[in-house]
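Undergrad: I'm passing along start.txt; it holds compact mmCIF, C-alpha atoms and all ligand atoms.
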```
# COMPACT_ATOMS: atom_id res chain seq x y z
CA MET T 1 -3.67 -11.58 5.70
CA LYS T 2 -5.66 -8.40 5.09
CA LEU T 3 -6.93 -7.92 1.55
CA LEU T 4 -7.05 -4.42 0.09
CA ILE T 5 -8.13 -3.13 -3.32
CA ASP T 6 -5.39 -1.44 -5.36
CA ASP T 7 -7.60 0.86 -7.43
CA ALA T 8 -9.46 4.18 -7.28
CA ASN T 9 -12.46 3.35 -9.45
CA ILE T 10 -15.52 3.85 -7.23
CA GLU T 11 -17.75 1.43 -9.13
CA LYS T 12 -15.14 -1.34 -8.92
CA ILE T 13 -14.54 -0.63 -5.23
CA LYS T 14 -18.28 -0.78 -4.48
CA LYS T 15 -18.68 -4.04 -6.40
CA LEU T 16 -15.74 -5.75 -4.69
CA TYR T 17 -16.81 -4.51 -1.25
CA ASP T 18 -20.26 -5.93 -1.89
CA LEU T 19 -18.93 -9.36 -2.81
CA TYR T 20 -15.75 -9.97 -0.86
CA PRO T 21 -14.25 -9.47 2.64
CA ILE T 22 -12.22 -6.36 1.82
CA ASP T 23 -10.16 -4.45 4.41
CA GLY T 24 -9.42 -1.21 2.61
CA VAL T 25 -8.17 0.59 -0.50
CA THR T 26 -4.76 1.69 -1.69
CA THR T 27 -4.10 4.29 -4.35
CA ASN T 28 -1.07 5.80 -5.98
CA PRO T 29 -0.59 8.80 -8.30
CA SER T 30 -0.89 6.76 -11.51
CA ILE T 31 -4.04 4.96 -10.29
CA LEU T 32 -5.63 8.33 -9.38
CA ALA T 33 -4.55 9.93 -12.67
CA LYS T 34 -6.68 7.38 -14.56
CA SER T 35 -9.83 9.09 -13.24
CA LYS T 36 -8.74 12.41 -14.86
CA ARG T 37 -10.30 14.16 -11.84
CA ASN T 38 -8.99 16.09 -8.85
CA PRO T 39 -7.20 13.38 -6.80
CA TYR T 40 -8.55 14.69 -3.49
CA GLU T 41 -12.13 14.57 -4.77
CA VAL T 42 -11.62 10.92 -5.75
CA LEU T 43 -9.97 10.10 -2.42
CA LYS T 44 -12.85 11.73 -0.52
CA GLU T 45 -15.34 9.63 -2.49
CA ILE T 46 -13.38 6.48 -1.68
CA ARG T 47 -13.37 7.45 2.00
CA GLU T 48 -17.16 7.91 1.94
CA CYS T 49 -17.53 4.55 0.22
CA ILE T 50 -15.33 2.50 2.60
CA GLY T 51 -16.20 4.17 5.92
CA ASP T 52 -13.43 3.84 8.51
CA ASP T 53 -11.50 1.11 6.68
CA GLU T 54 -7.87 1.64 5.74
CA LEU T 55 -7.24 4.18 2.96
CA HIS T 56 -3.67 4.52 1.67
CA ALA T 57 -2.78 7.65 -0.31
CA GLN T 58 0.63 8.65 -1.63
CA VAL T 59 2.55 11.91 -1.34
CA LEU T 60 3.92 13.41 -4.56
CA SER T 61 6.71 15.59 -3.20
CA ARG T 62 10.33 14.42 -3.50
CA THR T 63 11.52 16.35 -0.42
CA ALA T 64 10.89 15.38 3.21
CA GLU T 65 9.50 18.84 3.97
CA GLY T 66 7.05 18.61 1.06
CA MET T 67 5.99 15.07 2.03
CA ILE T 68 5.31 16.16 5.61
CA GLU T 69 3.21 19.09 4.41
CA GLU T 70 1.18 16.81 2.12
CA ALA T 71 0.71 14.28 4.94
CA HIS T 72 -0.91 16.93 7.11
CA LYS T 73 -3.27 17.94 4.29
CA MET T 74 -4.20 14.30 3.54
CA ALA T 75 -4.90 13.40 7.16
CA GLU T 76 -7.05 16.50 7.57
CA ILE T 77 -9.11 15.83 4.43
CA LEU T 78 -9.32 12.03 4.59
CA GLY T 79 -9.68 11.49 8.32
CA LYS T 80 -8.73 8.65 10.60
CA ASN T 81 -7.33 5.37 9.35
CA THR T 82 -5.59 7.12 6.46
CA PHE T 83 -2.13 5.76 5.78
CA ILE T 84 0.33 8.17 4.21
CA LYS T 85 2.25 6.36 1.49
CA VAL T 86 5.83 7.62 1.46
CA PRO T 87 8.31 6.45 -1.18
CA SER T 88 11.25 4.50 0.25
CA ILE T 89 13.90 6.95 -0.95
CA PRO T 90 16.40 8.87 1.22
CA GLU T 91 14.11 11.92 1.67
CA GLY T 92 11.23 9.49 2.28
CA PHE T 93 12.97 7.87 5.25
CA LYS T 94 13.59 11.35 6.67
CA ALA T 95 9.86 12.11 6.30
CA MET T 96 8.87 8.74 7.83
CA LYS T 97 10.99 9.41 10.93
CA ALA T 98 9.35 12.80 11.43
CA LEU T 99 5.79 11.66 10.63
CA SER T 100 5.98 8.63 12.90
CA LYS T 101 7.03 10.89 15.78
CA GLU T 102 3.92 12.98 15.05
CA GLY T 103 1.73 9.86 15.20
CA PHE T 104 0.85 9.54 11.50
CA LYS T 105 0.06 6.12 10.03
CA ILE T 106 2.71 5.40 7.41
CA THR T 107 3.05 3.00 4.52
CA ALA T 108 6.57 2.88 3.11
CA THR T 109 5.97 2.28 -0.56
CA ALA T 110 7.85 1.31 -3.73
CA ILE T 111 10.08 -1.19 -1.94
CA TYR T 112 12.36 -3.18 -4.23
CA THR T 113 14.90 -4.54 -1.74
CA PRO T 114 14.67 -6.12 1.73
CA MET T 115 17.01 -3.51 3.19
CA GLN T 116 14.69 -0.69 2.06
CA ALA T 117 12.01 -2.47 4.12
CA TYR T 118 14.42 -2.73 7.07
CA LEU T 119 15.10 1.03 6.91
CA ALA T 120 11.36 1.74 6.62
CA ALA T 121 10.64 -0.35 9.73
CA LYS T 122 13.37 1.44 11.67
CA SER T 123 12.01 4.78 10.46
CA GLY T 124 8.63 4.02 12.05
CA ALA T 125 6.54 2.82 9.10
CA ASP T 126 3.42 0.80 9.99
CA TYR T 127 3.49 -1.00 6.66
CA ALA T 128 6.25 -1.73 4.14
CA ALA T 129 5.04 -2.32 0.58
CA PRO T 130 7.26 -4.49 -1.62
CA TYR T 131 6.30 -4.39 -5.32
CA VAL T 132 6.25 -8.11 -6.00
CA ASN T 133 5.80 -8.19 -9.76
CA ARG T 134 7.98 -5.17 -10.43
CA ILE T 135 10.79 -6.87 -8.48
CA ASP T 136 10.36 -9.87 -10.79
CA ASN T 137 10.56 -7.53 -13.77
CA LEU T 138 13.96 -6.34 -12.55
CA GLY T 139 15.23 -9.91 -12.79
CA ALA T 140 15.02 -10.58 -9.04
CA ASP T 141 12.43 -12.70 -7.19
CA GLY T 142 9.53 -10.69 -5.77
CA ILE T 143 8.05 -13.50 -3.68
CA ALA T 144 11.43 -14.52 -2.22
CA SER T 145 12.28 -10.87 -1.45
CA THR T 146 8.94 -10.42 0.33
CA LYS T 147 9.43 -13.58 2.38
CA LEU T 148 12.89 -12.34 3.33
CA ILE T 149 11.37 -9.04 4.48
CA GLN T 150 8.92 -11.00 6.66
CA ASN T 151 11.86 -12.89 8.19
CA ILE T 152 13.77 -9.66 8.80
CA PHE T 153 10.76 -8.10 10.55
CA GLU T 154 10.18 -11.17 12.73
CA THR T 155 13.86 -11.71 13.57
CA ASN T 156 14.33 -8.08 14.54
CA GLY T 157 11.06 -7.80 16.46
CA PHE T 158 9.66 -4.97 14.30
CA ASP T 159 5.94 -4.21 14.58
CA THR T 160 5.90 -3.15 10.91
CA GLU T 161 3.70 -5.31 8.70
CA ILE T 162 4.13 -6.14 5.04
CA LEU T 163 1.58 -4.69 2.62
CA ALA T 164 2.57 -6.61 -0.50
CA ALA T 165 1.69 -4.85 -3.77
CA SER T 166 2.07 -5.16 -7.54
CA PHE T 167 0.56 -8.58 -8.20
CA LYS T 168 -0.08 -9.94 -11.64
CA ASN T 169 -1.68 -13.28 -10.73
CA SER T 170 -3.46 -15.10 -7.92
CA ASN T 171 -0.61 -17.55 -7.34
CA GLN T 172 1.64 -14.68 -6.19
CA VAL T 173 -1.07 -13.63 -3.70
CA GLN T 174 -1.56 -17.21 -2.52
CA GLU T 175 2.17 -17.75 -1.87
CA LEU T 176 2.32 -14.74 0.43
CA CYS T 177 -1.00 -15.58 2.11
CA ALA T 178 0.41 -19.01 2.99
CA TYR T 179 3.56 -17.35 4.36
CA GLY T 180 1.56 -15.16 6.74
CA VAL T 181 2.34 -11.65 5.49
CA GLY T 182 0.18 -8.96 7.08
CA ALA T 183 -1.62 -7.61 4.04
CA ALA T 184 -1.83 -7.64 0.26
CA THR T 185 -3.20 -4.93 -1.99
CA VAL T 186 -4.50 -6.38 -5.21
CA ALA T 187 -5.94 -4.96 -8.44
CA PRO T 188 -9.65 -5.76 -9.06
CA ASP T 189 -9.03 -8.19 -11.94
CA VAL T 190 -6.56 -10.20 -9.85
CA ILE T 191 -8.97 -10.24 -6.87
CA GLU T 192 -11.64 -11.68 -9.14
CA ASN T 193 -9.18 -14.37 -10.24
CA LEU T 194 -8.43 -15.45 -6.64
CA ILE T 195 -11.37 -17.84 -6.74
CA LYS T 196 -10.02 -19.48 -9.89
CA ASN T 197 -6.81 -20.63 -8.21
CA ALA T 198 -6.47 -24.40 -8.54
CA CYS T 199 -3.70 -25.99 -6.44
O1 LIG T 201 0.34 -0.37 -5.12
C1 LIG T 201 1.43 -0.40 -6.02
C2 LIG T 201 0.98 -0.91 -7.30
O2 LIG T 201 -0.08 -0.10 -7.77
C3 LIG T 201 2.00 -1.09 -8.36
O3 LIG T 201 1.43 -2.08 -9.12
O4 LIG T 201 0.77 -3.29 -11.10
O5 LIG T 201 1.69 -0.97 -11.33
O6 LIG T 201 3.18 -2.87 -10.68
P1 LIG T 201 1.80 -2.31 -10.65
```
Reformat the file's structure so that it appears as structure tokens.
TA:
Amino acid sequence: MKLLIDDANIEKIKKLYDLYPIDGVTTNPSILAKSKRNPYEVLKEIRECIGDDELHAQVLSRTAEGMIEEAHKMAEILGKNTFIKVPSIPEGFKAMKALSKEGFKITATAIYTPMQAYLAAKSGADYAAPYVNRIDNLGADGIASTKLIQNIFETNGFDTEILAASFKNSNQVQELCAYGVGAATVAPDVIENLIKNAC
């Protein structure tokens, strides 16, 4: 399972990269807003900091046309190995279909149900990102839903990998690591707690 940092704070990213085997960084609009700076300036700094590792950055537009335009801008500014995070909404699936035909790397984000992940995979997403803890907060089971997505991908022969997100504790990360999901993006405080997990 790949391990990514779900944060845009440069100091935290540098510290975690120094200590742990990290595979990349994911951001979203609320994470970037915390810096109170131009989001592209922050993203460029992250890119400089992590080299060619995976950088995931989210589009803001709610229309497919707007998402596609933003994807072009992001890829141009942030370079190779940038994954365009596209929300798994109807216009998002339309954008994913078009972007995958153009060869963009796509992360289908904000996934709350297994069938959203199924549609993302069919639309050409490289990653599907279920929000584990937020699914729990809706009264469903985030871990079980993510395992079901893994089964759906394997059974249907999709190349799409899971990038599990929205973790609140190390046990949630451990459960999915043991199940063999492709990747997890984890907030710095939860990464630091991974070494405190006692079975
Ligand atoms: O990557 C998605 C993630 O940032 C959402 O996490 O903790 O806000 O539910 P959270």
Undergrad: Could you list, as a list in words, all protein and nucleic acid residues with an atom at most 9 Å from ligand LIG 201 (chain T), counting all atoms listed in the file?
TA: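 So the residues close to ligand LIG 201 (chain T) are Asp6, Asp7, Thr26, Thr27, Asn28, Pro29, Ser30, Ile31, Thr109, Ala110, Ala129, Pro130, Tyr131, Val132, Asn133, Arg134, Ile135, Leu163, Ala164, Ala165, Ser166, Phe167, Lys168, Thr185, Val186 and Ala187 of chain T.
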Undergrad: Those same residues - C-alpha atoms - I'd like them written as a PDB file, in the coordinates of the input.
TA:
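Resulting contents of again_26.pdb:
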```
ATOM      1  CA  ASP T   6      -5.390  -1.440  -5.360  1.00  0.00           C
ATOM      2  CA  ASP T   7      -7.600   0.860  -7.430  1.00  0.00           C
ATOM      3  CA  THR T  26      -4.760   1.690  -1.690  1.00  0.00           C
ATOM      4  CA  THR T  27      -4.100   4.290  -4.350  1.00  0.00           C
ATOM      5  CA  ASN T  28      -1.070   5.800  -5.980  1.00  0.00           C
ATOM      6  CA  PRO T  29      -0.590   8.800  -8.300  1.00  0.00           C
ATOM      7  CA  SER T  30      -0.890   6.760 -11.510  1.00  0.00           C
ATOM      8  CA  ILE T  31      -4.040   4.960 -10.290  1.00  0.00           C
ATOM      9  CA  THR T 109       5.970   2.280  -0.560  1.00  0.00           C
ATOM     10  CA  ALA T 110       7.850   1.310  -3.730  1.00  0.00           C
ATOM     11  CA  ALA T 129       5.040  -2.320   0.580  1.00  0.00           C
ATOM     12  CA  PRO T 130       7.260  -4.490  -1.620  1.00  0.00           C
ATOM     13  CA  TYR T 131       6.300  -4.390  -5.320  1.00  0.00           C
ATOM     14  CA  VAL T 132       6.250  -8.110  -6.000  1.00  0.00           C
ATOM     15  CA  ASN T 133       5.800  -8.190  -9.760  1.00  0.00           C
ATOM     16  CA  ARG T 134       7.980  -5.170 -10.430  1.00  0.00           C
ATOM     17  CA  ILE T 135      10.790  -6.870  -8.480  1.00  0.00           C
ATOM     18  CA  LEU T 163       1.580  -4.690   2.620  1.00  0.00           C
ATOM     19  CA  ALA T 164       2.570  -6.610  -0.500  1.00  0.00           C
ATOM     20  CA  ALA T 165       1.690  -4.850  -3.770  1.00  0.00           C
ATOM     21  CA  SER T 166       2.070  -5.160  -7.540  1.00  0.00           C
ATOM     22  CA  PHE T 167       0.560  -8.580  -8.200  1.00  0.00           C
ATOM     23  CA  LYS T 168      -0.080  -9.940 -11.640  1.00  0.00           C
ATOM     24  CA  THR T 185      -3.200  -4.930  -1.990  1.00  0.00           C
ATOM     25  CA  VAL T 186      -4.500  -6.380  -5.210  1.00  0.00           C
ATOM     26  CA  ALA T 187      -5.940  -4.960  -8.440  1.00  0.00           C
TER      27      ALA T 187
END
```
Undergrad: Using all atoms listed in the file, pick whichever of T:Ala57, T:Met74, T:Leu3, T:Leu32 has the shortest atom-to-atom distance to Leu16 of chain T.
TA: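 Of T:Ala57, T:Met74, T:Leu3, T:Leu32, the one nearest Leu16 of chain T, counting all atoms listed in the file, is T:Leu3.
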Undergrad: Would you mind listing what lies within 6 Å of segment 174-182 of chain T as a list in words, with only C-alpha atoms counted and same-chain residues fewer than 6 positions away left out?
TA: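 Listed by chain and then number, they are Met1, Glu161 and Ile162 of chain T.
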Undergrad: Using only C-alpha atoms, can you tell me which of T:Ser61, T:Gly79, T:Glu41, T:Ala121 comes closest to Glu154 of chain T?
TA: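 Looking at the shortest contact to Glu154 of chain T, the residue is T:Ala121.
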Undergrad: Go ahead and compute the interatomic distance for atom CA of Glu69 of chain T and atom CA of Pro39 of chain T, in Å to one decimal.
TA: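 Atom-to-atom, atom CA of Glu69 of chain T to atom CA of Pro39 of chain T, that is 16.3 Å.
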Undergrad: What gap, in Å, lies between atom CA of Pro114 of chain T and atom CA of Lys97 of chain T?
TA: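 So the two atoms, atom CA of Pro114 of chain T and atom CA of Lys97 of chain T, lie 18.4 Å apart.
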Undergrad: Quick check, in Å to one decimal: how far apart do atom CA of Leu4 of chain T and atom CA of Ile77 of chain T lie?
TA: 20.8 Å
Undergrad: Can you tell me, as a ChimeraX atom specification, what residues are no more than 7 Å from segment 144-147 of chain T when counting only C-alpha atoms, ignoring any on the same chain fewer than 2 positions away?
TA: /T:113-114,130,141-142,149-151
Undergrad: Generate a file of the selected residues that holds C-alpha atoms, formatted as a short mmCIF file (atom, residue, chain, number, x, y, z; two decimals), keeping the file's coordinate frame.
TA:
```cif
data_model
loop_
_atom_site.label_atom_id
_atom_site.label_comp_id
_atom_site.auth_asym_id
_atom_site.auth_seq_id
_atom_site.Cartn_x
_atom_site.Cartn_y
_atom_site.Cartn_z
CA THR T 113 14.90 -4.54 -1.74
CA PRO T 114 14.67 -6.12 1.73
CA PRO T 130 7.26 -4.49 -1.62
CA ASP T 141 12.43 -12.70 -7.19
CA GLY T 142 9.53 -10.69 -5.77
CA ILE T 149 11.37 -9.04 4.48
CA GLN T 150 8.92 -11.00 6.66
CA ASN T 151 11.86 -12.89 8.19
#
```
Undergrad: Which of these residues is nearest to Ala183 of chain T, using all atoms listed in the file: T:Thr107, T:Lys44, T:Lys196, T:Gly157?
TA: T:Thr107
Undergrad: Quick one: of T:Lys94, T:Lys2, T:Ile46, T:Phe104, who's nearest to Lys73 of chain T, counting only C-alpha atoms?
TA: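 When distances to Lys73 of chain T are compared using only C-alpha atoms, the smallest one comes from T:Phe104.
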Undergrad: Applying 10 Å and all atoms listed in the file, which residues near Gly51 of chain T remain after dropping the ones on its own chain fewer than 5 positions away? List them as a compact mmCIF listing (two decimals) with C-alpha atoms, in the frame of the given file.
TA:
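Result file around_10.txt:
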```txt
# COMPACT_ATOMS: atom_id res chain seq x y z
CA GLY T 24 -9.42 -1.21 2.61
CA ILE T 46 -13.38 6.48 -1.68
CA LYS T 80 -8.73 8.65 10.60
CA ASN T 81 -7.33 5.37 9.35
```
Undergrad: Each side padded by 5 Å, which centre and which edge lengths in Å (one decimal) define the axis-aligned box around the listed atoms of segment 132-136 of chain T? Give them as AutoDock Vina command-line options.
TA:
```
--center_x 8.3 --center_y -7.5 --center_z -8.4 --size_x 15.0 --size_y 14.7 --size_z 14.8
```
Undergrad: Kindly write segment 85-143 of chain T with C-alpha atoms to a file, as a PDB file, in the first residue's frame.
TA:
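Listing of decode_6.pdb after writing:
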```pdb
ATOM      1  CA  LYS T  85      -8.676  15.129  -8.390  1.00  0.00           C
ATOM      2  CA  VAL T  86     -12.173  15.209  -9.859  1.00  0.00           C
ATOM      3  CA  PRO T  87     -15.259  14.996  -7.630  1.00  0.00           C
ATOM      4  CA  SER T  88     -17.367  11.889  -8.238  1.00  0.00           C
ATOM      5  CA  ILE T  89     -20.486  13.798  -9.276  1.00  0.00           C
ATOM      6  CA  PRO T  90     -22.322  13.542 -12.628  1.00  0.00           C
ATOM      7  CA  GLU T  91     -20.317  16.373 -14.270  1.00  0.00           C
ATOM      8  CA  GLY T  92     -17.177  14.857 -12.734  1.00  0.00           C
ATOM      9  CA  PHE T  93     -17.690  11.517 -14.490  1.00  0.00           C
ATOM     10  CA  LYS T  94     -18.143  13.414 -17.761  1.00  0.00           C
ATOM     11  CA  ALA T  95     -14.833  15.218 -17.121  1.00  0.00           C
ATOM     12  CA  MET T  96     -13.071  11.952 -16.157  1.00  0.00           C
ATOM     13  CA  LYS T  97     -14.124  10.300 -19.425  1.00  0.00           C
ATOM     14  CA  ALA T  98     -12.746  13.207 -21.447  1.00  0.00           C
ATOM     15  CA  LEU T  99      -9.557  13.656 -19.399  1.00  0.00           C
ATOM     16  CA  SER T 100      -8.698   9.959 -19.454  1.00  0.00           C
ATOM     17  CA  LYS T 101      -8.964   9.991 -23.262  1.00  0.00           C
ATOM     18  CA  GLU T 102      -6.485  12.888 -23.245  1.00  0.00           C
ATOM     19  CA  GLY T 103      -4.068  10.867 -21.085  1.00  0.00           C
ATOM     20  CA  PHE T 104      -4.417  12.798 -17.806  1.00  0.00           C
ATOM     21  CA  LYS T 105      -3.821  11.019 -14.497  1.00  0.00           C
ATOM     22  CA  ILE T 106      -7.095  11.115 -12.580  1.00  0.00           C
ATOM     23  CA  THR T 107      -8.116  10.608  -8.978  1.00  0.00           C
ATOM     24  CA  ALA T 108     -11.873  10.319  -8.549  1.00  0.00           C
ATOM     25  CA  THR T 109     -12.453  11.929  -5.192  1.00  0.00           C
ATOM     26  CA  ALA T 110     -15.154  12.315  -2.537  1.00  0.00           C
ATOM     27  CA  ILE T 111     -16.425   8.766  -2.955  1.00  0.00           C
ATOM     28  CA  TYR T 112     -19.117   7.756  -0.486  1.00  0.00           C
ATOM     29  CA  THR T 113     -20.564   4.668  -2.181  1.00  0.00           C
ATOM     30  CA  PRO T 114     -19.068   1.631  -3.944  1.00  0.00           C
ATOM     31  CA  MET T 115     -21.045   2.348  -7.103  1.00  0.00           C
ATOM     32  CA  GLN T 116     -19.506   5.834  -7.358  1.00  0.00           C
ATOM     33  CA  ALA T 117     -16.149   4.021  -7.379  1.00  0.00           C
ATOM     34  CA  TYR T 118     -17.433   1.619 -10.052  1.00  0.00           C
ATOM     35  CA  LEU T 119     -18.485   4.560 -12.264  1.00  0.00           C
ATOM     36  CA  ALA T 120     -15.131   6.273 -11.659  1.00  0.00           C
ATOM     37  CA  ALA T 121     -13.244   3.147 -12.729  1.00  0.00           C
ATOM     38  CA  LYS T 122     -15.351   2.838 -15.871  1.00  0.00           C
ATOM     39  CA  SER T 123     -14.784   6.537 -16.582  1.00  0.00           C
ATOM     40  CA  GLY T 124     -11.019   5.979 -16.670  1.00  0.00           C
ATOM     41  CA  ALA T 125      -9.898   7.124 -13.214  1.00  0.00           C
ATOM     42  CA  ASP T 126      -6.477   5.852 -12.080  1.00  0.00           C
ATOM     43  CA  TYR T 127      -7.453   6.132  -8.425  1.00  0.00           C
ATOM     44  CA  ALA T 128     -10.790   6.145  -6.606  1.00  0.00           C
ATOM     45  CA  ALA T 129     -10.753   7.865  -3.218  1.00  0.00           C
ATOM     46  CA  PRO T 130     -13.349   6.678  -0.694  1.00  0.00           C
ATOM     47  CA  TYR T 131     -13.655   8.966   2.358  1.00  0.00           C
ATOM     48  CA  VAL T 132     -13.474   6.328   5.070  1.00  0.00           C
ATOM     49  CA  ASN T 133     -14.259   8.370   8.159  1.00  0.00           C
ATOM     50  CA  ARG T 134     -16.822  10.580   6.463  1.00  0.00           C
ATOM     51  CA  ILE T 135     -18.663   7.433   5.330  1.00  0.00           C
ATOM     52  CA  ASP T 136     -18.716   6.343   8.980  1.00  0.00           C
ATOM     53  CA  ASN T 137     -20.110   9.749   9.919  1.00  0.00           C
ATOM     54  CA  LEU T 138     -23.022   9.168   7.551  1.00  0.00           C
ATOM     55  CA  GLY T 139     -23.951   6.073   9.546  1.00  0.00           C
ATOM     56  CA  ALA T 140     -22.461   3.604   7.039  1.00  0.00           C
ATOM     57  CA  ASP T 141     -19.224   1.606   7.365  1.00  0.00           C
ATOM     58  CA  GLY T 142     -16.226   3.262   5.693  1.00  0.00           C
ATOM     59  CA  ILE T 143     -13.886   0.277   6.002  1.00  0.00           C
TER      60      ILE T 143
END
```
